[in-house]
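Colleague: target.cif is the file, holding mmCIF, C-alpha atoms and all ligand atoms:
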data_model
loop_
_atom_site.label_atom_id
_atom_site.label_comp_id
_atom_site.auth_asym_id
_atom_site.auth_seq_id
_atom_site.Cartn_x
_atom_site.Cartn_y
_atom_site.Cartn_z
CA MET A 1 8.09 -2.24 28.48
CA LYS A 2 5.40 -4.78 27.67
CA ILE A 3 2.11 -4.94 25.81
CA THR A 4 -0.79 -5.26 28.23
CA ARG A 5 -3.91 -4.90 26.08
CA ILE A 6 -4.95 -5.22 22.42
CA THR A 7 -8.17 -3.47 21.36
CA VAL A 8 -9.71 -4.18 17.95
CA PHE A 9 -12.02 -1.75 16.16
CA GLY A 10 -13.92 -2.26 12.91
CA TYR A 11 -14.58 0.87 10.88
CA GLU A 12 -16.62 1.22 7.70
CA MET A 13 -15.15 3.78 5.29
CA PRO A 14 -17.37 4.70 2.30
CA LEU A 15 -15.61 5.76 -0.92
CA ARG A 16 -16.50 9.18 -2.33
CA HIS A 17 -17.22 7.55 -5.70
CA PRO A 18 -17.72 3.90 -6.72
CA TYR A 19 -14.33 2.64 -7.89
CA ARG A 20 -13.63 0.01 -10.53
CA LEU A 21 -10.33 -1.68 -11.24
CA SER A 22 -8.96 -4.74 -12.99
CA GLY A 23 -10.73 -3.78 -16.20
CA GLY A 24 -13.94 -3.07 -14.31
CA ARG A 25 -14.43 -6.58 -12.93
CA LEU A 26 -13.75 -5.47 -9.33
CA LEU A 27 -16.11 -2.83 -7.90
CA PHE A 28 -15.62 -1.10 -4.56
CA GLU A 29 -18.04 1.23 -2.77
CA GLN A 30 -16.72 1.11 0.78
CA LEU A 31 -13.77 -0.27 2.71
CA ASP A 32 -14.01 -2.21 5.96
CA SER A 33 -10.93 -1.33 7.97
CA THR A 34 -9.58 -2.76 11.22
CA PHE A 35 -7.80 -0.54 13.73
CA ILE A 36 -5.58 -2.08 16.40
CA LYS A 37 -4.67 -0.25 19.60
CA LEU A 38 -1.82 -1.63 21.69
CA GLU A 39 -1.48 -0.45 25.28
CA THR A 40 1.61 -0.90 27.43
CA ASP A 41 2.54 -1.02 31.09
CA VAL A 42 4.22 2.41 30.80
CA GLY A 43 1.19 4.21 29.40
CA ILE A 44 2.40 4.53 25.79
CA THR A 45 -0.22 3.54 23.22
CA GLY A 46 0.36 2.52 19.59
CA TRP A 47 -1.96 2.21 16.59
CA GLY A 48 -1.97 0.08 13.47
CA GLU A 49 -4.47 -0.45 10.64
CA GLY A 50 -5.35 -3.31 8.31
CA CYS A 51 -7.49 -2.62 5.25
CA PRO A 52 -7.07 -5.17 2.44
CA TRP A 53 -9.39 -3.32 -0.03
CA GLY A 54 -12.46 -5.46 0.51
CA SER A 55 -12.30 -9.18 -0.08
CA THR A 56 -11.69 -9.35 -3.83
CA TYR A 57 -8.39 -7.50 -4.30
CA LEU A 58 -6.02 -9.78 -2.37
CA PRO A 59 -6.09 -13.21 -0.71
CA ALA A 60 -7.03 -11.29 2.45
CA PHE A 61 -10.26 -10.00 3.98
CA PRO A 62 -11.35 -7.86 6.95
CA GLY A 63 -12.66 -10.80 8.98
CA GLY A 64 -9.36 -12.57 8.46
CA ILE A 65 -7.49 -9.79 10.23
CA ARG A 66 -9.82 -9.94 13.21
CA ALA A 67 -9.66 -13.73 13.47
CA ALA A 68 -5.86 -13.74 13.18
CA VAL A 69 -5.43 -11.06 15.83
CA LYS A 70 -7.47 -13.22 18.21
CA GLU A 71 -5.11 -16.11 17.40
CA LEU A 72 -1.99 -13.96 17.88
CA ALA A 73 -3.07 -12.04 20.99
CA PRO A 74 -1.80 -14.58 23.58
CA THR A 75 1.63 -14.49 21.91
CA VAL A 76 1.85 -10.72 21.56
CA ILE A 77 0.58 -9.72 25.00
CA GLY A 78 3.50 -9.44 27.38
CA MET A 79 6.07 -8.80 24.63
CA ASP A 80 8.18 -5.64 24.33
CA PRO A 81 6.75 -3.57 21.44
CA THR A 82 9.99 -1.60 21.01
CA GLY A 83 11.49 -4.69 19.34
CA PRO A 84 9.26 -5.22 16.29
CA ASP A 85 11.57 -7.86 14.78
CA VAL A 86 11.26 -9.92 17.96
CA VAL A 87 7.49 -9.55 17.96
CA ASN A 88 7.33 -10.56 14.27
CA ASP A 89 9.50 -13.60 14.90
CA ALA A 90 7.11 -14.74 17.63
CA MET A 91 4.05 -14.03 15.47
CA ASP A 92 5.54 -16.01 12.56
CA THR A 93 6.08 -18.97 14.86
CA ALA A 94 2.59 -18.74 16.36
CA LEU A 95 0.79 -18.38 13.01
CA PRO A 96 2.61 -18.92 9.68
CA GLY A 97 1.44 -16.63 6.88
CA HIS A 98 -1.40 -14.11 7.32
CA GLY A 99 1.03 -11.22 6.94
CA TYR A 100 -1.76 -8.74 6.23
CA ALA A 101 -3.14 -9.45 9.72
CA LYS A 102 0.23 -9.26 11.47
CA SER A 103 0.88 -5.94 9.75
CA ALA A 104 -1.54 -4.03 11.99
CA ILE A 105 0.15 -5.33 15.15
CA ASP A 106 3.60 -4.65 13.70
CA GLN A 107 2.56 -1.08 12.86
CA ALA A 108 1.31 -0.48 16.40
CA CYS A 109 4.65 -1.73 17.76
CA TRP A 110 6.55 0.76 15.58
CA ASP A 111 4.26 3.57 16.72
CA ILE A 112 5.13 2.75 20.34
CA ALA A 113 8.84 2.37 19.54
CA GLY A 114 8.91 5.84 18.01
CA LYS A 115 6.93 7.43 20.83
CA SER A 116 9.16 5.77 23.44
CA VAL A 117 12.23 7.63 22.15
CA GLY A 118 10.47 10.74 20.85
CA LEU A 119 11.30 10.11 17.17
CA PRO A 120 9.26 9.66 14.00
CA VAL A 121 9.41 6.09 12.69
CA ALA A 122 11.17 7.35 9.56
CA ALA A 123 14.08 8.42 11.75
CA LEU A 124 14.28 4.89 13.16
CA SER A 125 14.28 3.44 9.65
CA GLY A 126 17.63 4.77 8.48
CA GLY A 127 17.02 8.50 8.60
CA VAL A 128 14.78 11.19 7.15
CA PHE A 129 15.55 12.35 3.60
CA ASP A 130 14.72 16.02 3.06
CA GLN A 131 12.41 15.48 0.11
CA ASP A 132 8.78 15.83 -0.85
CA LEU A 133 7.08 12.54 -1.71
CA THR A 134 5.19 12.40 -4.99
CA VAL A 135 1.57 11.30 -4.56
CA GLN A 136 0.10 9.36 -7.46
CA SER A 137 -3.50 9.56 -8.53
CA SER A 138 -5.63 6.44 -8.85
CA ILE A 139 -7.86 6.61 -11.93
CA GLY A 140 -10.64 4.02 -12.05
CA THR A 141 -11.47 2.15 -15.27
CA ASP A 142 -13.84 4.19 -17.44
CA SER A 143 -14.20 5.46 -21.01
CA PRO A 144 -11.01 6.94 -22.50
CA ASP A 145 -12.41 10.49 -22.40
CA ALA A 146 -13.57 10.17 -18.80
CA MET A 147 -10.19 8.81 -17.73
CA VAL A 148 -8.34 11.66 -19.47
CA ALA A 149 -10.66 14.19 -17.80
CA ASN A 150 -9.98 12.57 -14.42
CA ILE A 151 -6.22 12.76 -14.99
CA VAL A 152 -6.45 16.44 -16.00
CA ARG A 153 -8.52 17.14 -12.89
CA HIS A 154 -5.82 15.50 -10.74
CA HIS A 155 -3.06 17.40 -12.57
CA GLU A 156 -4.81 20.65 -11.68
CA LEU A 157 -4.65 19.55 -8.02
CA GLY A 158 -0.88 19.09 -8.35
CA TYR A 159 -0.56 15.39 -9.18
CA THR A 160 2.24 14.53 -11.61
CA VAL A 161 2.12 10.71 -11.57
CA HIS A 162 -1.08 8.91 -12.52
CA SER A 163 -2.23 5.32 -12.23
CA PRO A 164 -5.12 4.68 -14.63
CA LYS A 165 -6.66 1.23 -14.30
CA VAL A 166 -6.91 -0.89 -17.45
CA GLY A 167 -7.44 -4.55 -18.22
CA SER A 168 -10.67 -5.06 -20.18
CA ASP A 169 -10.49 -6.09 -23.87
CA VAL A 170 -7.38 -5.24 -25.89
CA ALA A 171 -9.03 -2.81 -28.31
CA SER A 172 -10.63 -0.79 -25.48
CA ASP A 173 -7.35 -0.73 -23.56
CA VAL A 174 -5.37 0.39 -26.62
CA ALA A 175 -7.89 3.23 -26.98
CA ARG A 176 -7.42 4.14 -23.30
CA VAL A 177 -3.60 4.10 -23.55
CA ARG A 178 -3.66 6.17 -26.75
CA ALA A 179 -6.13 8.73 -25.37
CA ILE A 180 -4.27 9.09 -22.08
CA ALA A 181 -0.87 9.36 -23.80
CA ALA A 182 -2.28 12.11 -26.05
CA GLY A 183 -4.02 13.94 -23.21
CA LEU A 184 -1.33 13.56 -20.54
CA PRO A 185 -0.29 16.96 -19.18
CA GLU A 186 3.25 18.00 -20.12
CA GLY A 187 5.84 16.47 -17.78
CA ASP A 188 3.45 14.05 -16.06
CA SER A 189 4.10 10.31 -15.92
CA VAL A 190 1.68 7.42 -16.19
CA THR A 191 1.40 3.79 -15.08
CA PHE A 192 -1.22 1.60 -16.73
CA ASP A 193 -2.25 -0.78 -13.96
CA ALA A 194 -4.18 -3.90 -15.01
CA ASN A 195 -4.45 -5.34 -11.50
CA ARG A 196 -3.84 -8.83 -12.99
CA ALA A 197 -6.89 -8.76 -15.28
CA MET A 198 -5.17 -9.89 -18.50
CA LEU A 199 -3.89 -13.16 -19.87
CA PRO A 200 -0.38 -12.97 -21.32
CA ASP A 201 -1.60 -12.78 -24.93
CA GLN A 202 -3.76 -9.75 -24.13
CA ALA A 203 -1.00 -7.96 -22.25
CA ILE A 204 1.55 -8.64 -24.99
CA ARG A 205 -0.84 -7.37 -27.68
CA LEU A 206 -1.67 -4.22 -25.67
CA MET A 207 1.94 -3.40 -24.88
CA THR A 208 3.21 -4.23 -28.37
CA GLN A 209 0.56 -2.05 -30.03
CA THR A 210 1.46 0.86 -27.72
CA ALA A 211 5.22 0.31 -27.58
CA ASP A 212 5.89 3.92 -28.63
CA VAL A 213 4.13 5.27 -25.50
CA ASP A 214 6.46 6.24 -22.63
CA ALA A 215 4.71 4.56 -19.72
CA TYR A 216 4.97 1.87 -17.07
CA PHE A 217 2.66 -1.16 -17.09
CA GLU A 218 1.72 -2.70 -13.76
CA GLN A 219 0.77 -6.26 -12.79
CA PRO A 220 -0.66 -7.25 -16.17
CA CYS A 221 -1.54 -10.84 -15.20
CA GLU A 222 -2.72 -12.92 -12.26
CA THR A 223 0.41 -14.98 -11.67
CA TYR A 224 4.10 -14.21 -11.47
CA GLU A 225 4.83 -16.69 -14.28
CA GLU A 226 2.33 -15.02 -16.60
CA CYS A 227 3.82 -11.59 -15.84
CA LEU A 228 7.30 -12.95 -16.53
CA GLN A 229 6.11 -14.21 -19.91
CA VAL A 230 4.88 -10.68 -20.68
CA ARG A 231 8.17 -9.17 -19.50
CA GLN A 232 10.12 -11.38 -21.88
CA ALA A 233 7.98 -10.40 -24.89
CA THR A 234 7.74 -6.62 -24.34
CA THR A 235 9.96 -3.58 -23.87
CA GLN A 236 8.18 -1.12 -21.54
CA PRO A 237 9.11 -1.04 -17.85
CA ILE A 238 6.95 -3.38 -15.78
CA ILE A 239 5.92 -2.85 -12.17
CA LEU A 240 5.02 -5.97 -10.17
CA ASP A 241 2.53 -5.29 -7.42
CA GLU A 242 0.19 -8.11 -6.28
CA SER A 243 2.83 -10.75 -7.18
CA ILE A 244 5.32 -9.40 -4.64
CA VAL A 245 4.25 -10.68 -1.23
CA THR A 246 7.37 -12.14 0.38
CA TYR A 247 11.05 -11.28 0.42
CA ALA A 248 11.62 -14.46 -1.58
CA ASP A 249 9.22 -13.19 -4.27
CA LEU A 250 11.36 -10.08 -4.59
CA VAL A 251 14.64 -11.97 -4.79
CA ARG A 252 13.20 -14.25 -7.48
CA ALA A 253 11.86 -11.28 -9.48
CA HIS A 254 15.28 -9.67 -9.40
CA ALA A 255 17.03 -12.89 -10.43
CA ASP A 256 14.58 -13.38 -13.32
CA ARG A 257 14.72 -9.71 -14.39
CA ALA A 258 10.92 -9.88 -14.13
CA CYS A 259 10.32 -6.19 -13.38
CA GLU A 260 11.95 -2.77 -13.22
CA ALA A 261 9.88 -1.54 -10.28
CA ILE A 262 7.56 -2.88 -7.60
CA GLY A 263 4.53 -1.72 -5.69
CA LEU A 264 5.73 -2.14 -2.10
CA LYS A 265 2.48 -2.23 -0.17
CA ILE A 266 3.04 -2.34 3.59
CA GLU A 267 0.05 -4.48 4.56
CA ARG A 268 0.40 -6.99 1.72
CA VAL A 269 4.03 -7.81 2.52
CA GLY A 270 3.28 -8.37 6.21
CA GLY A 271 3.93 -5.02 7.84
CA TYR A 272 6.41 -2.22 8.20
CA SER A 273 9.25 -4.44 9.45
CA LYS A 274 9.10 -6.77 6.45
CA ALA A 275 8.55 -3.89 4.01
CA ARG A 276 11.67 -2.20 5.37
CA ARG A 277 13.79 -5.27 4.58
CA MET A 278 12.37 -5.38 1.06
CA ARG A 279 13.01 -1.65 0.62
CA ASP A 280 16.66 -2.24 1.48
CA PHE A 281 16.92 -5.03 -1.12
CA CYS A 282 15.43 -2.73 -3.78
CA VAL A 283 17.92 0.03 -2.91
CA GLN A 284 20.81 -2.40 -3.23
CA THR A 285 19.62 -3.87 -6.54
CA GLY A 286 18.23 -0.82 -8.32
CA ILE A 287 14.55 -1.72 -8.26
CA ARG A 288 12.36 1.39 -8.20
CA MET A 289 9.47 1.48 -5.72
CA ASN A 290 6.00 2.80 -5.22
CA ILE A 291 5.82 2.70 -1.41
CA GLU A 292 2.22 2.85 -0.30
CA ALA A 293 -0.61 1.37 1.73
CA THR A 294 -2.76 -1.44 0.37
CA GLY A 295 -5.57 0.89 1.36
CA GLY A 296 -7.04 2.50 4.42
CA SER A 297 -7.34 5.72 6.36
CA VAL A 298 -4.71 8.39 6.89
CA LEU A 299 -3.08 6.03 9.41
CA ALA A 300 -2.27 3.36 6.81
CA ASP A 301 -1.16 6.03 4.34
CA THR A 302 1.10 7.67 6.90
CA VAL A 303 2.78 4.37 7.80
CA ALA A 304 3.83 4.03 4.17
CA THR A 305 5.12 7.60 3.98
CA HIS A 306 7.54 6.95 6.85
CA LEU A 307 9.20 4.19 4.81
CA ALA A 308 9.26 6.43 1.73
CA GLN A 309 10.62 9.38 3.73
CA SER A 310 13.55 7.20 4.81
CA THR A 311 14.26 6.08 1.22
CA SER A 312 16.23 8.21 -1.25
CA GLN A 313 14.05 9.75 -3.96
CA ARG A 314 16.40 8.14 -6.48
CA PHE A 315 14.68 4.81 -5.81
CA LEU A 316 11.12 6.09 -5.54
CA ARG A 317 8.39 6.58 -8.07
CA ALA A 318 5.44 7.62 -5.93
CA THR A 319 3.27 7.01 -2.92
CA TRP A 320 -0.53 7.10 -2.68
CA LEU A 321 -3.00 8.66 -0.26
CA CYS A 322 -5.97 6.31 -0.20
CA HIS A 323 -7.67 8.36 2.50
CA GLU A 324 -8.46 11.11 -0.01
CA MET A 325 -10.94 8.70 -1.65
CA LEU A 326 -12.94 8.30 1.57
CA THR A 327 -15.86 10.23 3.07
CA VAL A 328 -14.62 9.69 6.64
CA ASP A 329 -11.39 10.70 8.39
CA PRO A 330 -11.05 9.37 11.95
CA ALA A 331 -7.69 10.97 12.78
CA ASP A 332 -5.81 14.24 13.12
CA GLY A 333 -2.33 14.81 11.76
CA GLY A 334 -0.67 12.27 9.49
CA ALA A 335 0.60 12.57 5.92
CA ARG A 336 -1.72 14.89 4.00
CA ASN A 337 -1.76 15.99 0.39
CA LEU A 338 0.24 19.18 -0.11
CA GLY A 339 -0.63 19.78 -3.77
CA GLY A 340 0.40 16.45 -5.23
CA PHE A 341 3.14 15.87 -2.68
CA THR A 342 3.28 14.73 0.92
CA ARG A 343 5.69 14.22 3.81
CA ALA A 344 5.84 11.90 6.78
CA PRO A 345 5.07 13.79 10.01
CA ASN A 346 7.93 14.84 12.29
CA ALA A 347 6.00 13.87 15.43
CA PRO A 348 7.00 10.76 17.44
CA GLY A 349 5.75 7.41 16.17
CA TRP A 350 3.53 7.72 13.11
CA GLY A 351 2.41 11.24 14.02
CA VAL A 352 -1.26 10.28 13.67
CA ASP A 353 -3.79 11.00 16.43
CA ILE A 354 -6.74 8.62 16.18
CA ARG A 355 -10.04 10.03 17.43
CA GLU A 356 -11.01 6.82 19.18
CA ASP A 357 -14.61 7.88 19.82
CA GLU A 358 -15.27 7.83 16.07
CA LEU A 359 -14.32 4.17 15.80
CA GLY A 360 -17.30 3.10 17.92
CA GLU A 361 -17.38 0.22 20.37
CA PRO A 362 -14.44 -2.21 20.13
CA LEU A 363 -15.05 -5.53 18.41
CA ALA A 364 -12.69 -7.27 20.81
CA ILE A 365 -10.35 -6.59 23.73
CA TYR A 366 -7.52 -8.97 24.65
CA GLU A 367 -5.75 -8.46 27.95
CA GLU A 368 -2.96 -9.84 30.04
CA THR A 369 -4.34 -12.47 32.37
CA LEU A 370 -2.86 -12.00 35.79
MG MG A 401 -1.27 -1.83 -8.52
#
As structure tokens, what does this structure read like?
Modeller:
Amino acid sequence: MKITRITVFGYEMPLRHPYRLSGGRLLFEQLDSTFIKLETDVGITGWGEGCPWGSTYLPAFPGGIRAAVKELAPTVIGMDPTGPDVVNDAMDTALPGHGYAKSAIDQACWDIAGKSVGLPVAALSGGVFDQDLTVQSSIGTDSPDAMVANIVRHHELGYTVHSPKVGSDVASDVARVRAIAAGLPEGDSVTFDANRAMLPDQAIRLMTQTADVDAYFEQPCETYEECLQVRQATTQPIILDESIVTYADLVRAHADRACEAIGLKIERVGGYSKARRMRDFCVQTGIRMNIEATGGSVLADTVATHLAQSTSQRFLRATWLCHEMLTVDPADGGARNLGGFTRAPNAPGWGVDIREDELGEPLAIYEETL
């Protein structure tokens, strides 16, 4: 089997509500996603998605995906998509870095690999654990009362793990942590995610002043070194998210005892293939994981659930369904919210049927030159 055509679609996805994170300094109102369709000489088609949450969340942006796919297309066309490691090796040689762009191609390869043998990708990733996957809520930065109300609203929908966004000034964040700890529904769990907004002194003051609260704190600071400084001065479990990009980042974090859990985001770490290797390291070393999409439609969410579905619950904290925050939904099937839980589909590949007409005219088509 070989890849014969790559089609690139851009798709604007408005958020239901404006969303603020990193202490309010980052505002999002819509996401600009890129969908990649791979076609093959045997008629099997695969889909992947790249949606880096605008241009301010990561060192990645929608136009970067599209430019990198153009650069990678001559390498990828003609390759066998049922060997994603081989395709990734060739992409890494053709264009070092830019993992968030390669991720969409890698995802489409896995979709084809699953469809070619009639199995869900989770089954090709070590096996399907018979477990429901916890979906975490994502609570934008707001007043303490508004954030508590938002958490209660999500609890009533079935959510049991919540990710309120913090990271403004210390006094306001202490008030948020206190209010949320007091208002947290019985049995629910919370992660205070700063999305790297704080300097170490702020994070240490916040966490020290709330050391009696049973909670996780996520990516307090911009750099790995700053987060490590916070880890060494505090006691609550820390989740590293934006700082974990490569396998080497993960190995270093483990060696330094820099975190107790990570946010394993498929697109940020370079795709499903690379995320799977990092998942295996976490299982072997006892690092808990949130396995989720960086962002995107039900396609990106579903990709992440396949990795989570093939990972024992013992190592998982939660996943996330970004597509619930959107006003558009260009696909049928996929991992949907079943009252605060989800499951990867049993259908071959990702189990997501893209309604291609809704994506509009392609931005680019790259084909085999005969
Ligand atoms: Mg995070």
Colleague: Between A:Pro81, A:Asp212, A:Leu359, A:Gln309, which has the minimum distance to Gly114 in chain A (counting all atoms listed in the file)?
Modeller: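 Using all atoms listed in the file, the shortest distance to Gly114 in chain A belongs to A:Pro81.
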Colleague: What residues have any atom no more than 6 Å from ligand MG 401 (chain A) when counting all atoms listed in the file, and can you list them as JSON, numbers by chain?
Modeller: {"A": [193, 195, 241]}
Colleague: Edge lengths and centre in Å to one decimal, as lines of an AutoDock Vina configuration file, is what I'm after for the box along x, y and z that holds all listed atoms of range 199-206 of chain A once 8 Å is added on each side.
Modeller:
center_x = -1.2
center_y = -8.7
center_z = -23.8
size_x = 21.4
size_y = 24.9
size_z = 23.8
Colleague: May I have the protein, DNA and RNA residues with any atom at most 10 Å from the point (-0.4, -19.0, 18.0), counting only C-alpha atoms, written as a VMD selection string?
Modeller: chain A and resid 68 to 76 90 to 96
Colleague: Given the point (-9.2, 5.5, 3.5) in the coordinates of this file, which residues lie within 6 Å, counting only C-alpha atoms, and how would they look as a VMD selection string?
Modeller: chain A and resid 296 to 297 322 to 323 326
Colleague: From the set A:Leu31, A:Val298, A:Val230, A:Ala331, which residue has the shortest atom-to-atom contact distance to Arg16 in chain A, counting only C-alpha atoms?
Modeller: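 Of the candidates, the smallest distance to Arg16 in chain A is held by A:Leu31.
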Colleague: Which value, in Å to one decimal, gives the distance between CA of Asp249 in chain A and CA of Gly271 in chain A?
Modeller: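 CA of Gly271 in chain A lies 15.5 Å from CA of Asp249 in chain A.
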Colleague: Kindly give the distance, in Å, that separates CA of Pro14 in chain A and CA of Ser55 in chain A, rounded to a single decimal.
Modeller: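 Going from CA of Pro14 in chain A over to CA of Ser55 in chain A, I get 15.0 Å.
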Colleague: What is the distance, in Å and to one decimal place, between CA of Ala149 in chain A and CA of Ile180 in chain A?
Modeller: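 According to the coordinates, CA of Ala149 in chain A and CA of Ile180 in chain A are separated by 9.2 Å.
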Colleague: With only C-alpha atoms as the counted atoms, please give the residues lying no more than 9 Å from Val121 in chain A, apart from itself and same-chain residues fewer than 5 positions off, as number ranges by chain.
Modeller: A: 110-111, 113-115, 127, 303, 306-307, 310, 346-351
Colleague: From the set A:Val152, A:Leu299, A:Cys221, A:Val42, which residue has the shortest atom-to-atom contact distance to Gly167 in chain A, counting all atoms listed in the file?
Modeller: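 Among the listed residues, A:Cys221 lies closest to Gly167 in chain A.
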Colleague: With distances taken over all atoms listed in the file, which of A:Arg276, A:Arg268, A:Arg5, A:Arg176 is nearest to Phe192 in chain A?
Modeller: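 With all atoms listed in the file as the atom set, the closest residue is A:Arg176.
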Colleague: Can you work out which one of A:Arg336, A:Arg66, A:Arg178, A:Arg279 has the shortest atom-to-atom distance to Ile291 in chain A, counting all atoms listed in the file?
Modeller: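 Of the candidates, the smallest distance to Ile291 in chain A is held by A:Arg279.
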Colleague: Pick from A:Leu316, A:Leu133, A:Ala300, A:Leu119: nearest to Pro330 in chain A, with only C-alpha atoms counted?
Modeller: A:Ala300
Colleague: Given the block above, output range 296-317 of chain A with N, CA and C atoms as a PDB file, in the first residue's frame.
Modeller:
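Result written to selection_9.pdb:
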ATOM      1  N   GLY A 296      -9.051  20.688  19.396  1.00  0.00           N
ATOM      2  CA  GLY A 296      -9.550  20.278  18.100  1.00  0.00           C
ATOM      3  C   GLY A 296     -10.959  19.736  18.146  1.00  0.00           C
ATOM      4  N   SER A 297     -11.338  19.113  17.037  1.00  0.00           N
ATOM      5  CA  SER A 297     -12.688  18.566  16.885  1.00  0.00           C
ATOM      6  C   SER A 297     -12.743  17.181  17.537  1.00  0.00           C
ATOM      7  N   VAL A 298     -13.851  16.501  17.301  1.00  0.00           N
ATOM      8  CA  VAL A 298     -14.002  15.142  17.830  1.00  0.00           C
ATOM      9  C   VAL A 298     -12.931  14.215  17.257  1.00  0.00           C
ATOM     10  N   LEU A 299     -12.370  14.534  16.105  1.00  0.00           N
ATOM     11  CA  LEU A 299     -11.301  13.684  15.560  1.00  0.00           C
ATOM     12  C   LEU A 299     -10.072  13.716  16.469  1.00  0.00           C
ATOM     13  N   ALA A 300      -9.590  14.914  16.792  1.00  0.00           N
ATOM     14  CA  ALA A 300      -8.410  15.014  17.663  1.00  0.00           C
ATOM     15  C   ALA A 300      -8.691  14.388  19.025  1.00  0.00           C
ATOM     16  N   ASP A 301      -9.872  14.632  19.565  1.00  0.00           N
ATOM     17  CA  ASP A 301     -10.228  14.041  20.863  1.00  0.00           C
ATOM     18  C   ASP A 301     -10.210  12.511  20.794  1.00  0.00           C
ATOM     19  N   THR A 302     -10.751  11.981  19.711  1.00  0.00           N
ATOM     20  CA  THR A 302     -10.867  10.526  19.593  1.00  0.00           C
ATOM     21  C   THR A 302      -9.497   9.875  19.457  1.00  0.00           C
ATOM     22  N   VAL A 303      -8.595  10.525  18.741  1.00  0.00           N
ATOM     23  CA  VAL A 303      -7.218  10.008  18.642  1.00  0.00           C
ATOM     24  C   VAL A 303      -6.650   9.786  20.042  1.00  0.00           C
ATOM     25  N   ALA A 304      -6.818  10.773  20.907  1.00  0.00           N
ATOM     26  CA  ALA A 304      -6.282  10.655  22.266  1.00  0.00           C
ATOM     27  C   ALA A 304      -6.955   9.535  23.053  1.00  0.00           C
ATOM     28  N   THR A 305      -8.258   9.346  22.826  1.00  0.00           N
ATOM     29  CA  THR A 305      -8.940   8.303  23.606  1.00  0.00           C
ATOM     30  C   THR A 305      -8.454   6.907  23.221  1.00  0.00           C
ATOM     31  N   HIS A 306      -7.993   6.731  21.996  1.00  0.00           N
ATOM     32  CA  HIS A 306      -7.463   5.404  21.630  1.00  0.00           C
ATOM     33  C   HIS A 306      -6.209   5.087  22.441  1.00  0.00           C
ATOM     34  N   LEU A 307      -5.365   6.084  22.665  1.00  0.00           N
ATOM     35  CA  LEU A 307      -4.166   5.829  23.487  1.00  0.00           C
ATOM     36  C   LEU A 307      -4.571   5.571  24.941  1.00  0.00           C
ATOM     37  N   ALA A 308      -5.547   6.328  25.428  1.00  0.00           N
ATOM     38  CA  ALA A 308      -6.008   6.134  26.808  1.00  0.00           C
ATOM     39  C   ALA A 308      -6.702   4.776  26.972  1.00  0.00           C
ATOM     40  N   GLN A 309      -7.460   4.376  25.945  1.00  0.00           N
ATOM     41  CA  GLN A 309      -8.191   3.101  26.029  1.00  0.00           C
ATOM     42  C   GLN A 309      -7.232   1.915  26.047  1.00  0.00           C
ATOM     43  N   SER A 310      -6.027   2.114  25.559  1.00  0.00           N
ATOM     44  CA  SER A 310      -5.026   1.036  25.557  1.00  0.00           C
ATOM     45  C   SER A 310      -4.012   1.213  26.689  1.00  0.00           C
ATOM     46  N   THR A 311      -4.379   2.016  27.692  1.00  0.00           N
ATOM     47  CA  THR A 311      -3.532   2.261  28.865  1.00  0.00           C
ATOM     48  C   THR A 311      -4.327   1.905  30.114  1.00  0.00           C
ATOM     49  N   SER A 312      -3.755   1.125  31.015  1.00  0.00           N
ATOM     50  CA  SER A 312      -4.494   0.758  32.228  1.00  0.00           C
ATOM     51  C   SER A 312      -4.911   1.994  33.019  1.00  0.00           C
ATOM     52  N   GLN A 313      -6.139   1.968  33.517  1.00  0.00           N
ATOM     53  CA  GLN A 313      -6.682   3.071  34.324  1.00  0.00           C
ATOM     54  C   GLN A 313      -5.763   3.430  35.488  1.00  0.00           C
ATOM     55  N   ARG A 314      -5.006   2.448  35.957  1.00  0.00           N
ATOM     56  CA  ARG A 314      -4.096   2.671  37.087  1.00  0.00           C
ATOM     57  C   ARG A 314      -3.121   3.822  36.838  1.00  0.00           C
ATOM     58  N   PHE A 315      -2.838   4.075  35.556  1.00  0.00           N
ATOM     59  CA  PHE A 315      -1.854   5.115  35.207  1.00  0.00           C
ATOM     60  C   PHE A 315      -2.512   6.389  34.680  1.00  0.00           C
ATOM     61  N   LEU A 316      -3.839   6.390  34.643  1.00  0.00           N
ATOM     62  CA  LEU A 316      -4.546   7.525  34.045  1.00  0.00           C
ATOM     63  C   LEU A 316      -5.143   8.427  35.111  1.00  0.00           C
ATOM     64  N   ARG A 317      -5.221   9.699  34.766  1.00  0.00           N
ATOM     65  CA  ARG A 317      -6.030  10.615  35.567  1.00  0.00           C
ATOM     66  C   ARG A 317      -7.307  10.939  34.776  1.00  0.00           C
TER      67      ARG A 317
END
